[in-house]
Amino acid sequence: MELSSSDRSQLRSAKEDLVACTAMGERRVAGMQFDLVEARWGAQGLDHMLLLLAEDIVQHAAISARNPFARVVPEQALTPDQLEAARERVLGEPEPVSDASDSATLCERVAAYLNAVQRDDTDGQKRVLTQIRNGRPGDLYAVREITLELAALYSPDAHTPPTPPPT
């Protein structure tokens, strides 16, 4: 089933709030928003959310976060501590466990996805997401966390407060 224009609009609004919450340090709220997206739209909604985040990153990332070919490189944009913190949030423990790949592998996958988005290569995006899903169980969540960290740095939505819930 294809996402409707209404679904895409709702996901765009959710992305804005997600990035704003992450930029404010409200990672628990951001995680709950991801859970709501998954509950409502499933894997298709999560894929679209990841695409929206990636589009913001490739459009707005600083030069310091890019390699000589203008591709966004997570290791240049985030400190090793930020990368490890994103991985640990998925694992729930600071010690390495086999639930998610190492930070270097996760960064390679994020970089490959961002590169596919930058080239507007839909097949490449699907191929990278399939590789991530076929990896270790925590890889998709870790990639999501790293992508969200990058979006919190570079998305214009990081500078606006989240929309309060309706009263």
# chains A, B, ... in the order shown; residues from 1 in each chain; ligands from 1

$ residues_around --residues "Thr147 in chain A" --least-positions-apart "5" --cutoff "8 Å" --atoms "only C-alpha atoms" --output "MDAnalysis selection string"
chainID A and resid 50 53:54 110

$ select_by_dssp --residues "chain A" --states "alpha helix (DSSP H)" --output "JSON, numbers by chain"
{"A": [5, 6, 7, 8, 9, 10, 11, 12, 13, 14, 15, 16, 17, 18, 19, 20, 21, 22, 23, 27, 28, 29, 30, 31, 32, 33, 34, 35, 36, 37, 38, 39, 40, 41, 42, 43, 44, 45, 46, 47, 48, 49, 50, 51, 52, 53, 54, 55, 56, 57, 58, 59, 60, 74, 75, 76, 77, 80, 81, 82, 83, 84, 85, 86, 87, 88, 89, 90, 91, 103, 104, 105, 106, 107, 108, 109, 110, 111, 112, 113, 114, 115, 116, 117, 118, 122, 123, 124, 125, 126, 127, 128, 129, 130, 131, 132, 133, 139, 140, 141, 142, 143, 144, 145, 146, 147, 148, 149, 150, 151, 152, 153, 154]}

$ residues_around --residues "Glu16 in chain A" --least-positions-apart "4" --cutoff "7 Å" --atoms "only C-alpha atoms" --output "PyMOL selection string"
chain A and resi 12+20+157

$ closest_residue --among "A:Met49, A:Ser4, A:Asp120, A:Gln131" --to "Asp17 in chain A" --atoms "only C-alpha atoms"
A:Met49

$ closest_residue --among "A:His60, A:Arg71, A:Lys126, A:Thr105" --to "Leu150 in chain A" --atoms "only C-alpha atoms"
A:His60

$ residues_around --residues "Gly138 in chain A" --least-positions-apart "3" --cutoff "6 Å" --atoms "only C-alpha atoms" --output "NGL selection string"
:A and (99-100 or 141)

$ write_last_selection --atoms "all heavy atoms" --output "mmCIF file, in the first residue's frame"
data_model
loop_
_atom_site.group_PDB
_atom_site.id
_atom_site.type_symbol
_atom_site.label_atom_id
_atom_site.label_comp_id
_atom_site.auth_asym_id
_atom_site.auth_seq_id
_atom_site.Cartn_x
_atom_site.Cartn_y
_atom_site.Cartn_z
ATOM 1 N N ASP A 99 24.118 -7.112 19.482
ATOM 2 C CA ASP A 99 22.814 -6.735 18.962
ATOM 3 C C ASP A 99 22.900 -5.754 17.793
ATOM 4 O O ASP A 99 22.016 -5.690 16.980
ATOM 5 C CB ASP A 99 21.973 -6.143 20.089
ATOM 6 C CG ASP A 99 20.514 -5.993 19.689
ATOM 7 O OD1 ASP A 99 20.008 -6.847 18.945
ATOM 8 O OD2 ASP A 99 19.894 -5.019 20.104
ATOM 9 N N ALA A 100 23.965 -4.967 17.725
ATOM 10 C CA ALA A 100 24.147 -4.002 16.636
ATOM 11 C C ALA A 100 25.598 -4.056 16.174
ATOM 12 O O ALA A 100 26.484 -4.392 16.940
ATOM 13 C CB ALA A 100 23.786 -2.589 17.088
ATOM 14 N N TYR A 141 17.744 0.319 14.128
ATOM 15 C CA TYR A 141 17.517 1.322 15.170
ATOM 16 C C TYR A 141 18.745 2.209 15.359
ATOM 17 O O TYR A 141 18.620 3.412 15.571
ATOM 18 C CB TYR A 141 17.122 0.645 16.483
ATOM 19 C CG TYR A 141 15.837 -0.117 16.347
ATOM 20 C CD1 TYR A 141 15.830 -1.495 16.234
ATOM 21 C CD2 TYR A 141 14.623 0.556 16.278
ATOM 22 C CE1 TYR A 141 14.647 -2.199 16.077
ATOM 23 C CE2 TYR A 141 13.429 -0.138 16.120
ATOM 24 C CZ TYR A 141 13.455 -1.513 16.023
ATOM 25 O OH TYR A 141 12.283 -2.186 15.853
#

$ residues_around --residues "range 37-47 of chain A" --least-positions-apart "6" --cutoff "10 Å" --atoms "only C-alpha atoms" --output "ChimeraX atom specification"
/A:1-3,7-8,10-11,14-15,31,53,125-126,129,144

$ residues_around --residues "Ala112 in chain A" --least-positions-apart "4" --cutoff "7 Å" --atoms "only C-alpha atoms" --output "ChimeraX atom specification"
/A:108,116,128

$ write_last_selection --atoms "C-alpha atoms" --output "PDB file, in the first residue's frame"
ATOM      1  CA  GLU A 108      29.186   3.239   6.431  1.00  0.00           C
ATOM      2  CA  ALA A 116      21.731   7.286  -2.393  1.00  0.00           C
ATOM      3  CA  VAL A 128      20.859  -0.038   1.569  1.00  0.00           C
TER       4      VAL A 128
END

$ atom_distance --atom1 "CA of Pro68 in chain A" --atom2 "CA of Val143 in chain A"
23.1 Å

$ residues_around --residues "Asp56 in chain A" --least-positions-apart "2" --cutoff "8 Å" --atoms "only C-alpha atoms" --output "PyMOL selection string"
chain A and resi 52-54+58-61+151+154-156

$ atom_distance --atom1 "CA of Ser5 in chain A" --atom2 "CA of Leu36 in chain A"
18.3 Å

$ atom_distance --atom1 "CA of Val19 in chain A" --atom2 "CA of Asn67 in chain A"
23.9 Å

$ closest_residue --among "A:Met24, A:Ser6, A:Ala152, A:Ser101" --to "Arg133 in chain A" --atoms "only C-alpha atoms"
A:Ser101
